[in-house]
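Enquirer: For reference, the file query.pdb (PDB, C-alpha atoms and all ligand atoms) is included below:
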ATOM      1  CA  MET A   1     195.345 342.142 -34.212
ATOM      2  CA  ASP A   2     199.051 341.457 -34.689
ATOM      3  CA  PRO A   3     199.613 341.046 -38.457
ATOM      4  CA  VAL A   4     202.848 339.082 -38.240
ATOM      5  CA  SER A   5     202.146 335.382 -38.531
ATOM      6  CA  PRO A   6     202.130 334.175 -42.155
ATOM      7  CA  SER A   7     198.589 332.758 -41.803
ATOM      8  CA  THR A   8     197.196 336.025 -40.376
ATOM      9  CA  VAL A   9     198.849 338.025 -43.148
ATOM     10  CA  ARG A  10     197.552 335.691 -45.873
ATOM     11  CA  ASP A  11     194.049 335.772 -44.403
ATOM     12  CA  LEU A  12     194.104 339.578 -44.179
ATOM     13  CA  LEU A  13     195.314 339.980 -47.762
ATOM     14  CA  GLN A  14     192.728 337.519 -49.016
ATOM     15  CA  ARG A  15     189.753 339.006 -47.182
ATOM     16  CA  HIS A  16     190.577 342.460 -48.566
ATOM     17  CA  GLN A  17     191.434 341.014 -51.994
ATOM     18  CA  PHE A  18     194.650 342.981 -51.723
ATOM     19  CA  ARG A  19     196.993 342.876 -54.709
ATOM     20  CA  ILE A  20     200.630 343.126 -53.660
ATOM     21  CA  LYS A  21     202.455 345.779 -55.677
ATOM     22  CA  LYS A  22     205.970 344.615 -56.397
ATOM     23  CA  LYS A  23     206.875 347.931 -57.976
ATOM     24  CA  LEU A  24     206.256 349.630 -54.595
ATOM     25  CA  GLY A  25     208.635 347.238 -52.863
ATOM     26  CA  GLN A  26     205.818 345.553 -50.933
ATOM     27  CA  ASN A  27     207.498 342.730 -49.031
ATOM     28  CA  PHE A  28     205.730 342.392 -45.713
ATOM     29  CA  LEU A  29     207.481 341.171 -42.564
ATOM     30  CA  ILE A  30     206.091 337.917 -41.174
ATOM     31  CA  ASP A  31     208.513 337.271 -38.316
ATOM     32  CA  GLY A  32     207.971 338.676 -34.840
ATOM     33  CA  ASN A  33     211.593 338.011 -33.785
ATOM     34  CA  ILE A  34     212.932 340.272 -36.512
ATOM     35  CA  ILE A  35     210.493 342.994 -35.438
ATOM     36  CA  ASN A  36     211.720 342.663 -31.836
ATOM     37  CA  LYS A  37     215.307 343.000 -33.016
ATOM     38  CA  ILE A  38     214.431 346.157 -34.985
ATOM     39  CA  LEU A  39     212.773 347.633 -31.870
ATOM     40  CA  ASN A  40     215.871 346.801 -29.799
ATOM     41  CA  ALA A  41     218.172 348.417 -32.366
ATOM     42  CA  ALA A  42     216.027 351.564 -32.220
ATOM     43  CA  ALA A  43     216.158 351.553 -28.377
ATOM     44  CA  LEU A  44     212.642 352.956 -28.199
ATOM     45  CA  ASN A  45     211.066 354.457 -25.098
ATOM     46  CA  ASN A  46     207.706 356.042 -24.387
ATOM     47  CA  HIS A  47     208.997 359.568 -25.034
ATOM     48  CA  ASP A  48     210.026 358.775 -28.589
ATOM     49  CA  ILE A  49     208.402 360.251 -31.668
ATOM     50  CA  VAL A  50     208.810 357.734 -34.488
ATOM     51  CA  VAL A  51     208.486 358.287 -38.203
ATOM     52  CA  GLU A  52     207.827 355.088 -40.133
ATOM     53  CA  ILE A  53     208.202 354.995 -43.909
ATOM     54  CA  GLY A  54     205.853 352.505 -45.575
ATOM     55  CA  PRO A  55     203.752 350.905 -42.823
ATOM     56  CA  GLY A  56     202.339 348.408 -45.327
ATOM     57  CA  ILE A  57     199.822 346.286 -43.451
ATOM     58  CA  GLY A  58     201.165 347.396 -40.079
ATOM     59  CA  ALA A  59     203.372 344.583 -38.723
ATOM     60  CA  LEU A  60     206.067 346.980 -37.537
ATOM     61  CA  THR A  61     203.675 349.896 -36.960
ATOM     62  CA  CYS A  62     201.696 348.048 -34.244
ATOM     63  CA  ARG A  63     204.820 347.241 -32.277
ATOM     64  CA  LEU A  64     206.272 350.729 -32.699
ATOM     65  CA  ALA A  65     203.039 352.196 -31.356
ATOM     66  CA  GLN A  66     203.187 349.923 -28.290
ATOM     67  CA  LYS A  67     206.664 351.240 -27.433
ATOM     68  CA  ALA A  68     206.767 354.879 -28.543
ATOM     69  CA  ARG A  69     204.843 358.026 -27.648
ATOM     70  CA  GLN A  70     203.653 358.732 -31.182
ATOM     71  CA  VAL A  71     204.098 357.092 -34.584
ATOM     72  CA  LEU A  72     203.762 359.052 -37.821
ATOM     73  CA  ALA A  73     203.528 356.554 -40.663
ATOM     74  CA  VAL A  74     203.915 357.724 -44.260
ATOM     75  CA  GLU A  75     202.522 355.380 -46.922
ATOM     76  CA  ILE A  76     202.205 356.022 -50.656
ATOM     77  CA  ASP A  77     199.709 353.222 -51.374
ATOM     78  CA  ARG A  78     196.208 354.212 -50.309
ATOM     79  CA  THR A  79     194.915 350.675 -50.877
ATOM     80  CA  VAL A  80     196.649 349.473 -47.666
ATOM     81  CA  PHE A  81     194.638 351.871 -45.504
ATOM     82  CA  PRO A  82     191.563 349.622 -45.007
ATOM     83  CA  LEU A  83     193.919 346.807 -43.921
ATOM     84  CA  LEU A  84     195.745 349.158 -41.570
ATOM     85  CA  ALA A  85     192.435 350.263 -40.060
ATOM     86  CA  GLU A  86     191.921 346.644 -39.083
ATOM     87  CA  THR A  87     195.441 345.839 -37.871
ATOM     88  CA  LEU A  88     196.002 349.045 -35.920
ATOM     89  CA  GLY A  89     192.602 348.659 -34.241
ATOM     90  CA  GLU A  90     192.306 350.785 -31.129
ATOM     91  CA  LEU A  91     195.858 352.156 -31.132
ATOM     92  CA  ASP A  92     195.377 355.903 -30.773
ATOM     93  CA  ASN A  93     198.979 357.073 -31.093
ATOM     94  CA  VAL A  94     199.444 356.333 -34.804
ATOM     95  CA  THR A  95     198.932 359.006 -37.452
ATOM     96  CA  LEU A  96     198.708 357.674 -41.002
ATOM     97  CA  VAL A  97     199.789 360.021 -43.765
ATOM     98  CA  GLU A  98     199.215 359.260 -47.431
ATOM     99  CA  ALA A  99     202.292 360.650 -49.168
ATOM    100  CA  ASP A 100     205.446 359.880 -51.088
ATOM    101  CA  ALA A 101     208.213 359.660 -48.473
ATOM    102  CA  LEU A 102     210.741 361.049 -50.946
ATOM    103  CA  LYS A 103     208.727 364.257 -51.169
ATOM    104  CA  THR A 104     207.868 364.487 -47.487
ATOM    105  CA  ASP A 105     209.377 367.109 -45.224
ATOM    106  CA  PHE A 106     209.616 364.957 -42.091
ATOM    107  CA  ASP A 107     210.665 367.861 -39.842
ATOM    108  CA  ARG A 108     207.483 369.675 -40.897
ATOM    109  CA  LEU A 109     205.406 366.520 -40.415
ATOM    110  CA  VAL A 110     206.645 366.187 -36.825
ATOM    111  CA  GLN A 111     206.221 369.923 -36.267
ATOM    112  CA  ASP A 112     202.586 369.758 -37.397
ATOM    113  CA  ALA A 113     201.794 366.668 -35.333
ATOM    114  CA  ILE A 114     203.742 367.346 -32.146
ATOM    115  CA  GLY A 115     204.292 371.084 -32.140
ATOM    116  CA  ASP A 116     208.039 371.061 -31.646
ATOM    117  CA  PRO A 117     210.359 369.017 -33.884
ATOM    118  CA  ALA A 118     213.423 370.178 -31.929
ATOM    119  CA  CYS A 119     212.904 367.334 -29.426
ATOM    120  CA  GLY A 120     214.048 365.106 -32.289
ATOM    121  CA  TYR A 121     212.574 361.949 -33.705
ATOM    122  CA  LYS A 122     213.599 358.472 -34.786
ATOM    123  CA  VAL A 123     212.998 356.966 -38.199
ATOM    124  CA  VAL A 124     212.293 353.226 -38.080
ATOM    125  CA  ALA A 125     211.310 351.406 -41.248
ATOM    126  CA  ASN A 126     211.454 348.400 -43.477
ATOM    127  CA  LEU A 127     212.249 350.475 -46.550
ATOM    128  CA  PRO A 128     210.862 349.990 -50.054
ATOM    129  CA  TYR A 129     214.056 348.822 -51.784
ATOM    130  CA  TYR A 130     213.507 350.539 -55.141
ATOM    131  CA  ILE A 131     214.274 353.906 -53.465
ATOM    132  CA  THR A 132     216.589 352.951 -50.584
ATOM    133  CA  THR A 133     219.511 355.215 -51.448
ATOM    134  CA  PRO A 134     217.560 358.403 -52.302
ATOM    135  CA  LEU A 135     215.457 357.906 -49.153
ATOM    136  CA  ILE A 136     218.511 357.558 -46.921
ATOM    137  CA  MET A 137     220.114 360.633 -48.513
ATOM    138  CA  HIS A 138     216.848 362.574 -48.157
ATOM    139  CA  LEU A 139     216.766 361.715 -44.446
ATOM    140  CA  LEU A 140     220.424 362.559 -43.843
ATOM    141  CA  GLU A 141     220.628 365.727 -45.915
ATOM    142  CA  GLU A 142     217.264 367.310 -45.377
ATOM    143  CA  CYS A 143     215.889 366.217 -42.021
ATOM    144  CA  SER A 144     217.560 368.324 -39.343
ATOM    145  CA  TYR A 145     215.770 366.761 -36.393
ATOM    146  CA  ALA A 146     216.067 363.058 -37.241
ATOM    147  CA  ARG A 147     218.329 361.740 -34.468
ATOM    148  CA  LYS A 148     218.411 358.029 -35.198
ATOM    149  CA  ILE A 149     217.557 356.095 -38.345
ATOM    150  CA  VAL A 150     217.060 352.334 -38.072
ATOM    151  CA  VAL A 151     216.165 350.813 -41.406
ATOM    152  CA  MET A 152     215.938 347.478 -43.172
ATOM    153  CA  VAL A 153     217.771 347.636 -46.504
ATOM    154  CA  GLN A 154     219.192 345.202 -49.045
ATOM    155  CA  GLU A 155     222.258 343.496 -47.552
ATOM    156  CA  GLU A 156     224.342 344.877 -50.405
ATOM    157  CA  VAL A 157     223.359 348.455 -49.475
ATOM    158  CA  ALA A 158     224.073 347.742 -45.806
ATOM    159  CA  ARG A 159     227.564 346.592 -46.803
ATOM    160  CA  ARG A 160     228.098 349.793 -48.806
ATOM    161  CA  LEU A 161     226.908 351.973 -45.928
ATOM    162  CA  THR A 162     229.323 350.352 -43.460
ATOM    163  CA  ALA A 163     232.303 349.673 -45.753
ATOM    164  CA  LEU A 164     235.895 350.571 -44.940
ATOM    165  CA  PRO A 165     238.208 352.430 -47.363
ATOM    166  CA  ASN A 166     239.994 350.305 -49.939
ATOM    167  CA  THR A 167     237.262 347.689 -50.162
ATOM    168  CA  LYS A 168     234.969 347.064 -53.108
ATOM    169  CA  ASP A 169     231.857 348.231 -51.225
ATOM    170  CA  TYR A 170     233.382 351.565 -50.205
ATOM    171  CA  GLY A 171     231.998 354.396 -52.325
ATOM    172  CA  ALA A 172     230.326 357.808 -52.479
ATOM    173  CA  LEU A 173     227.343 356.481 -50.483
ATOM    174  CA  THR A 174     229.653 355.281 -47.678
ATOM    175  CA  VAL A 175     231.378 358.646 -47.461
ATOM    176  CA  ALA A 176     228.094 360.601 -47.545
ATOM    177  CA  ALA A 177     226.342 358.469 -44.906
ATOM    178  CA  ASN A 178     229.332 358.463 -42.563
ATOM    179  CA  TYR A 179     229.736 362.217 -42.984
ATOM    180  CA  TYR A 180     226.288 362.721 -41.430
ATOM    181  CA  ALA A 181     225.943 359.713 -39.123
ATOM    182  CA  LYS A 182     227.667 356.972 -37.188
ATOM    183  CA  VAL A 183     226.602 353.950 -39.198
ATOM    184  CA  GLU A 184     226.441 350.423 -37.815
ATOM    185  CA  MET A 185     225.290 347.100 -39.206
ATOM    186  CA  ALA A 186     222.740 345.959 -36.607
ATOM    187  CA  PHE A 187     221.969 342.453 -37.946
ATOM    188  CA  LYS A 188     221.405 340.467 -41.107
ATOM    189  CA  VAL A 189     217.992 339.254 -42.197
ATOM    190  CA  PRO A 190     217.270 336.253 -44.442
ATOM    191  CA  ARG A 191     214.788 336.658 -47.311
ATOM    192  CA  THR A 192     212.534 334.004 -45.745
ATOM    193  CA  VAL A 193     210.981 336.428 -43.227
ATOM    194  CA  PHE A 194     209.039 338.385 -45.866
ATOM    195  CA  LEU A 195     205.846 337.761 -47.779
ATOM    196  CA  PRO A 196     206.348 337.703 -50.710
ATOM    197  CA  ARG A 197     210.011 336.682 -50.552
ATOM    198  CA  PRO A 198     212.360 339.275 -52.083
ATOM    199  CA  GLU A 199     215.160 338.193 -54.403
ATOM    200  CA  VAL A 200     217.906 339.412 -52.058
ATOM    201  CA  ASP A 201     218.881 339.080 -48.423
ATOM    202  CA  SER A 202     218.535 342.100 -46.175
ATOM    203  CA  ALA A 203     220.102 343.759 -43.156
ATOM    204  CA  VAL A 204     219.135 346.351 -40.599
ATOM    205  CA  VAL A 205     221.436 349.345 -40.269
ATOM    206  CA  SER A 206     221.434 351.827 -37.451
ATOM    207  CA  MET A 207     222.502 355.411 -38.148
ATOM    208  CA  THR A 208     223.011 357.748 -35.224
ATOM    209  CA  VAL A 209     222.960 361.218 -36.699
ATOM    210  CA  ARG A 210     225.969 363.290 -35.661
ATOM    211  CA  GLU A 211     225.474 366.690 -34.013
ATOM    212  CA  SER A 212     227.946 368.042 -36.537
ATOM    213  CA  PRO A 213     229.400 366.282 -39.593
ATOM    214  CA  ALA A 214     232.306 363.862 -39.126
ATOM    215  CA  VAL A 215     234.658 366.322 -40.848
ATOM    216  CA  CYS A 216     234.508 370.090 -41.044
ATOM    217  CA  VAL A 217     234.880 371.414 -44.608
ATOM    218  CA  LYS A 218     234.943 374.868 -46.182
ATOM    219  CA  SER A 219     232.438 373.874 -48.873
ATOM    220  CA  GLU A 220     230.187 370.807 -48.709
ATOM    221  CA  LYS A 221     229.387 371.254 -52.392
ATOM    222  CA  ILE A 222     233.054 370.933 -53.332
ATOM    223  CA  TYR A 223     233.627 368.104 -50.859
ATOM    224  CA  PHE A 224     230.889 365.968 -52.370
ATOM    225  CA  ALA A 225     231.792 366.913 -55.981
ATOM    226  CA  LEU A 226     235.296 365.678 -55.276
ATOM    227  CA  VAL A 227     234.060 362.486 -53.625
ATOM    228  CA  ARG A 228     231.803 361.759 -56.617
ATOM    229  CA  ALA A 229     234.659 362.397 -59.075
ATOM    230  CA  ALA A 230     236.998 360.121 -57.134
ATOM    231  CA  PHE A 231     234.566 357.197 -57.294
ATOM    232  CA  GLN A 232     233.160 357.756 -60.772
ATOM    233  CA  GLN A 233     235.909 355.796 -62.481
ATOM    234  CA  ARG A 234     237.242 353.587 -59.741
ATOM    235  CA  ARG A 235     240.135 352.171 -61.754
ATOM    236  CA  LYS A 236     241.629 355.599 -62.416
ATOM    237  CA  THR A 237     244.325 357.130 -60.277
ATOM    238  CA  LEU A 238     243.171 359.984 -58.103
ATOM    239  CA  LEU A 239     245.101 362.453 -60.261
ATOM    240  CA  ASN A 240     243.330 361.334 -63.447
ATOM    241  CA  ALA A 241     239.925 361.232 -61.784
ATOM    242  CA  LEU A 242     240.325 364.736 -60.390
ATOM    243  CA  THR A 243     241.644 366.203 -63.644
ATOM    244  CA  SER A 244     238.314 365.433 -65.295
ATOM    245  CA  LEU A 245     236.432 367.310 -62.545
ATOM    246  CA  ASP A 246     237.278 370.893 -63.516
ATOM    247  CA  ARG A 247     238.397 371.938 -66.997
ATOM    248  CA  ASP A 248     239.821 375.212 -65.686
ATOM    249  CA  PHE A 249     242.017 373.494 -63.133
ATOM    250  CA  PRO A 250     244.886 371.786 -64.946
ATOM    251  CA  ARG A 251     246.829 368.691 -63.976
ATOM    252  CA  ASP A 252     249.859 370.525 -62.539
ATOM    253  CA  LYS A 253     247.591 372.446 -60.184
ATOM    254  CA  TRP A 254     246.010 369.181 -59.012
ATOM    255  CA  LEU A 255     249.494 367.788 -58.447
ATOM    256  CA  ASN A 256     250.182 370.789 -56.269
ATOM    257  CA  VAL A 257     246.924 370.343 -54.315
ATOM    258  CA  LEU A 258     247.671 366.652 -53.767
ATOM    259  CA  ARG A 259     251.216 367.423 -52.652
ATOM    260  CA  GLN A 260     249.960 370.001 -50.143
ATOM    261  CA  ALA A 261     247.388 367.489 -48.865
ATOM    262  CA  GLU A 262     250.194 364.912 -48.583
ATOM    263  CA  ILE A 263     248.259 362.429 -50.739
ATOM    264  CA  ASP A 264     250.023 360.319 -53.360
ATOM    265  CA  PRO A 265     248.503 361.240 -56.798
ATOM    266  CA  MET A 266     248.854 357.604 -57.905
ATOM    267  CA  ARG A 267     246.478 356.352 -55.202
ATOM    268  CA  ARG A 268     242.938 355.443 -56.197
ATOM    269  CA  GLY A 269     239.995 357.465 -54.895
ATOM    270  CA  GLU A 270     238.615 354.424 -53.096
ATOM    271  CA  THR A 271     241.591 354.397 -50.703
ATOM    272  CA  LEU A 272     240.880 357.841 -49.225
ATOM    273  CA  ASN A 273     239.104 358.203 -45.896
ATOM    274  CA  LEU A 274     236.721 361.048 -44.972
ATOM    275  CA  TYR A 275     239.536 363.149 -43.470
ATOM    276  CA  GLU A 276     241.719 362.870 -46.552
ATOM    277  CA  PHE A 277     238.810 363.879 -48.784
ATOM    278  CA  ALA A 278     238.235 366.881 -46.491
ATOM    279  CA  ARG A 279     241.887 367.951 -46.623
ATOM    280  CA  LEU A 280     241.905 367.655 -50.389
ATOM    281  CA  ALA A 281     238.617 369.559 -50.805
ATOM    282  CA  ASP A 282     239.729 372.433 -48.574
ATOM    283  CA  ILE A 283     243.078 372.886 -50.340
ATOM    284  CA  TYR A 284     241.378 372.748 -53.756
ATOM    285  CA  PHE A 285     238.819 375.289 -52.498
ATOM    286  CA  GLN A 286     241.619 377.673 -51.488
ATOM    287  CA  CYS A 287     243.685 377.163 -54.659
ATOM    288  CA  ARG A 288     240.814 377.936 -57.034
ATOM    289  CA  GLN A 289     239.929 381.251 -55.344
TER     290      GLN A 289
HETATM  291  N1  LIG V   1     206.407 348.111 -42.940
HETATM  292  C1  LIG V   1     205.813 347.004 -43.625
HETATM  293  C2  LIG V   1     206.455 345.712 -43.155
HETATM  294  O1  LIG V   1     207.568 345.801 -42.605
HETATM  295  O2  LIG V   1     205.873 344.654 -43.328
HETATM  296  C3  LIG V   1     205.924 347.138 -45.150
HETATM  297  C4  LIG V   1     207.311 347.362 -45.684
HETATM  298  S1  LIG V   1     207.398 347.212 -47.436
HETATM  299  C5  LIG V   1     209.074 346.647 -47.606
HETATM  300  C6  LIG V   1     207.562 348.885 -48.006
HETATM  301  C7  LIG V   1     206.318 349.762 -47.876
HETATM  302  O3  LIG V   1     206.642 351.074 -48.377
HETATM  303  C8  LIG V   1     205.109 349.321 -48.675
HETATM  304  O4  LIG V   1     203.964 349.388 -47.858
HETATM  305  C9  LIG V   1     204.997 350.321 -49.828
HETATM  306  O5  LIG V   1     203.678 350.523 -50.282
HETATM  307  C10 LIG V   1     205.571 351.565 -49.164
HETATM  308  N2  LIG V   1     206.131 352.553 -50.116
HETATM  309  C11 LIG V   1     206.694 352.331 -51.321
HETATM  310  N3  LIG V   1     207.125 353.471 -51.866
HETATM  311  C12 LIG V   1     206.842 354.458 -50.983
HETATM  312  C13 LIG V   1     207.051 355.868 -50.980
HETATM  313  N4  LIG V   1     207.650 356.487 -52.005
HETATM  314  N5  LIG V   1     206.618 356.571 -49.917
HETATM  315  C14 LIG V   1     206.003 355.951 -48.866
HETATM  316  N6  LIG V   1     205.786 354.618 -48.814
HETATM  317  C15 LIG V   1     206.204 353.884 -49.854
END
As structure tokens, please, write out the structure in this file.
Expert:
Amino acid sequence: MDPVSPSTVRDLLQRHQFRIKKKLGQNFLIDGNIINKILNAAALNNHDIVVEIGPGIGALTCRLAQKARQVLAVEIDRTVFPLLAETLGELDNVTLVEADALKTDFDRLVQDAIGDPACGYKVVANLPYYITTPLIMHLLEECSYARKIVVMVQEEVARRLTALPNTKDYGALTVAANYYAKVEMAFKVPRTVFLPRPEVDSAVVSMTVRESPAVCVKSEKIYFALVRAAFQQRRKTLLNALTSLDRDFPRDKWLNVLRQAEIDPMRRGETLNLYEFARLADIYFQCRQ
């Protein structure tokens, strides 16, 4: 059974007396064209191991399983499992895991299922929107073998992930995501292709994880602390934003760091690109030794 057409989905939900849980971000896809476009963005082949977060009633899962070698689908809501048993039918390359994706070690999951996570895996999902950002950061920071991440997110998050410096959407999330991955907006998705309809439009982003981060820094901890400080109060000049970062590092020392990094202290944090943040972080790291 292909649980994509609105009538099939409604019938399935009704027969199982399934109550949609808004708080779990349950907006099910009811448009086969959008699913095809997601599969194209993920460029799946029959060697691929795919991790899906939140299979729901299986609209995307079925199609992933037809294309990939193995699908590992992590779902927090056990009440969807009887529906999935029906929609996935005879497909024998799907492993359903009842777990919270935020607490799941995906490398370990692939290791346990396949034997060797080093071959890498792809993450393809229509994400639950209430945890989009922590999930993306969990995947980028903690999953060493995730090679490609293709996910449906709120359009506003997609804009933040792909923003350019000196725009209103550019922020700490942009810098962090682009540090770990090459991020592209794949396509936009209207709210009409979900049941129930969410309150926002969506977009699919494709993140190709870099073999090494976009910039090489002496301390990632300092790099990201500095990025956070720069964006915390966006209206402040960089000098003022940085001065509130470290009580033991006075203003004149920051002026010196900024001068060495050849960055105007009157600029705002939101105008710096990843390389400028790296230069700044490394000079600060050296000066506070
Ligand atoms: N993949 C399905 C589709 O495209 O129609 C459903 C996507 S729906 C937007 C998000 C799914 O994520 C729901 O099935 C929801 O129960 C599940 N979910 C929510 N929070 C989760 C979590 N922390 N871990 C795993 N799954 C979660």
Enquirer: Using the chain letters and residue numbers of this document, give as an NGL selection string the residues selected by the PyMOL selection byres (((chain A and resi 150) around 12) and not hetatm).
Expert: :A and (35 or 37-44 or 50-53 or 121-127 or 136 or 139 or 146-149 or 151-153 or 158 or 181-187 or 203-209)
Enquirer: For the residues in the current selection, export C-alpha atoms as a tab-separated table (two decimals), in the frame of the given file.
Expert:
chain	number	residue	atom	x	y	z
A	35	ILE	CA	210.49	342.99	-35.44
A	37	LYS	CA	215.31	343.00	-33.02
A	38	ILE	CA	214.43	346.16	-34.98
A	39	LEU	CA	212.77	347.63	-31.87
A	40	ASN	CA	215.87	346.80	-29.80
A	41	ALA	CA	218.17	348.42	-32.37
A	42	ALA	CA	216.03	351.56	-32.22
A	43	ALA	CA	216.16	351.55	-28.38
A	44	LEU	CA	212.64	352.96	-28.20
A	50	VAL	CA	208.81	357.73	-34.49
A	51	VAL	CA	208.49	358.29	-38.20
A	52	GLU	CA	207.83	355.09	-40.13
A	53	ILE	CA	208.20	355.00	-43.91
A	121	TYR	CA	212.57	361.95	-33.70
A	122	LYS	CA	213.60	358.47	-34.79
A	123	VAL	CA	213.00	356.97	-38.20
A	124	VAL	CA	212.29	353.23	-38.08
A	125	ALA	CA	211.31	351.41	-41.25
A	126	ASN	CA	211.45	348.40	-43.48
A	127	LEU	CA	212.25	350.48	-46.55
A	136	ILE	CA	218.51	357.56	-46.92
A	139	LEU	CA	216.77	361.72	-44.45
A	146	ALA	CA	216.07	363.06	-37.24
A	147	ARG	CA	218.33	361.74	-34.47
A	148	LYS	CA	218.41	358.03	-35.20
A	149	ILE	CA	217.56	356.10	-38.34
A	151	VAL	CA	216.16	350.81	-41.41
A	152	MET	CA	215.94	347.48	-43.17
A	153	VAL	CA	217.77	347.64	-46.50
A	158	ALA	CA	224.07	347.74	-45.81
A	181	ALA	CA	225.94	359.71	-39.12
A	182	LYS	CA	227.67	356.97	-37.19
A	183	VAL	CA	226.60	353.95	-39.20
A	184	GLU	CA	226.44	350.42	-37.82
A	185	MET	CA	225.29	347.10	-39.21
A	186	ALA	CA	222.74	345.96	-36.61
A	187	PHE	CA	221.97	342.45	-37.95
A	203	ALA	CA	220.10	343.76	-43.16
A	204	VAL	CA	219.14	346.35	-40.60
A	205	VAL	CA	221.44	349.34	-40.27
A	206	SER	CA	221.43	351.83	-37.45
A	207	MET	CA	222.50	355.41	-38.15
A	208	THR	CA	223.01	357.75	-35.22
A	209	VAL	CA	222.96	361.22	-36.70
Enquirer: Within 7 Å of ligand LIG 1 (chain V), counting all atoms listed in the file, which protein or nucleic acid residues do you find, written as a list in words?
Expert: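 After applying the 7 Å limit, what remains is Leu24, Gly25, Gln26, Asn27, Phe28, Leu29, Ile53, Gly54, Pro55, Gly56, Ile57, Gly58, Ala59, Leu60, Thr61, Val74, Glu75, Ile76, Asp77, Ala99, Asp100, Ala101, Leu102, Ala125, Asn126, Leu127, Pro128 and Tyr129 of chain A.
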Enquirer: Select, from A:His16, A:Arg108, A:Lys103, A:Arg259, the residue with the minimum atom-to-atom distance to A:Ile131, counting all atoms listed in the file.
Expert: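 Of A:His16, A:Arg108, A:Lys103, A:Arg259, the one nearest A:Ile131 is A:Lys103, counting all atoms listed in the file.
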Enquirer: Against stretch 221-241 of chain A, which residues of stretch 137-205 of chain A fall within 10 Å? For each one I want the closest pair of atoms and the distance in Å (one decimal), counting all atoms listed in the file, rows by chain and increasing residue number, as JSON lines.
Expert:
{"residue": "A:Lys168", "atom": "CA", "partner": "A:Arg234", "partner_atom": "CA", "distance": 9.6}
{"residue": "A:Tyr170", "atom": "CA", "partner": "A:Phe231", "partner_atom": "CA", "distance": 9.1}
{"residue": "A:Gly171", "atom": "CA", "partner": "A:Phe231", "partner_atom": "CA", "distance": 6.3}
{"residue": "A:Ala172", "atom": "CA", "partner": "A:Arg228", "partner_atom": "CA", "distance": 5.9}
{"residue": "A:Leu173", "atom": "CA", "partner": "A:Arg228", "partner_atom": "CA", "distance": 9.2}
{"residue": "A:Val175", "atom": "CA", "partner": "A:Val227", "partner_atom": "CA", "distance": 7.7}
{"residue": "A:Ala176", "atom": "CA", "partner": "A:Phe224", "partner_atom": "CA", "distance": 7.7}
Enquirer: Write a file of the selected residues as an mmCIF file, in the frame of the given file, keeping C-alpha atoms.
Expert:
data_model
loop_
_atom_site.group_PDB
_atom_site.id
_atom_site.type_symbol
_atom_site.label_atom_id
_atom_site.label_comp_id
_atom_site.auth_asym_id
_atom_site.auth_seq_id
_atom_site.Cartn_x
_atom_site.Cartn_y
_atom_site.Cartn_z
ATOM 1 C CA LYS A 168 234.969 347.064 -53.108
ATOM 2 C CA TYR A 170 233.382 351.565 -50.205
ATOM 3 C CA GLY A 171 231.998 354.396 -52.325
ATOM 4 C CA ALA A 172 230.326 357.808 -52.479
ATOM 5 C CA LEU A 173 227.343 356.481 -50.483
ATOM 6 C CA VAL A 175 231.378 358.646 -47.461
ATOM 7 C CA ALA A 176 228.094 360.601 -47.545
#
Enquirer: Give as a ChimeraX atom specification each residue that has an atom at most 8 Å from (217.9, 337.4, -48.6) in the file, counting only C-alpha atoms.
Expert: /A:154-155,189-192,198-202
Enquirer: What gap, in Å, lies between atom CA of A:Asp116 and atom CA of A:Val71?
Expert: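 If I compute the distance from atom CA of A:Asp116 to atom CA of A:Val71, I get 14.8 Å.
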Enquirer: Which of these residues is nearest to A:Gly89, using all atoms listed in the file: A:Met1, A:Cys119, A:Val9, A:Ile30?
Expert: A:Met1
Enquirer: Record the distance separating atom CA of A:Met137 and atom CA of A:Tyr180, expressed in Å with one decimal.
Expert: 9.6 Å
Enquirer: List the residues matched by the PyMOL selection byres (((chain A and resi 273) around 9) and not hetatm) in the displayed structure as a tab-separated table (two decimals) with C-alpha atoms, keeping the file's coordinate frame, ordered by chain and then by residue number.
Expert:
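File produced: selection.tsv:
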chain	number	residue	atom	x	y	z
A	164	LEU	CA	235.90	350.57	-44.94
A	165	PRO	CA	238.21	352.43	-47.36
A	166	ASN	CA	239.99	350.30	-49.94
A	175	VAL	CA	231.38	358.65	-47.46
A	270	GLU	CA	238.62	354.42	-53.10
A	271	THR	CA	241.59	354.40	-50.70
A	272	LEU	CA	240.88	357.84	-49.22
A	274	LEU	CA	236.72	361.05	-44.97
A	275	TYR	CA	239.54	363.15	-43.47
A	276	GLU	CA	241.72	362.87	-46.55
A	277	PHE	CA	238.81	363.88	-48.78
A	278	ALA	CA	238.24	366.88	-46.49
Enquirer: Please evaluate the PyMOL selection byres (((chain A and resi 67-70) around 8) and not hetatm) against the structure above and give the resulting residues as a list in words.
Expert: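 Selected by the PyMOL selection byres (((chain A and resi 67-70) around 8) and not hetatm) in this file: Leu44, Asn45, Asn46, His47, Asp48, Ile49, Val50, Arg63, Leu64, Ala65, Gln66, Val71, Leu72, Asn93, Val94 and Thr95 of chain A.
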Enquirer: I'd like to know which of A:Asp169, A:Ser144, A:Tyr130, A:Thr104 is closest to A:Pro117, using all atoms listed in the file.
Expert: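 Between A:Asp169, A:Ser144, A:Tyr130, A:Thr104, the residue approaching A:Pro117 most closely is A:Ser144.
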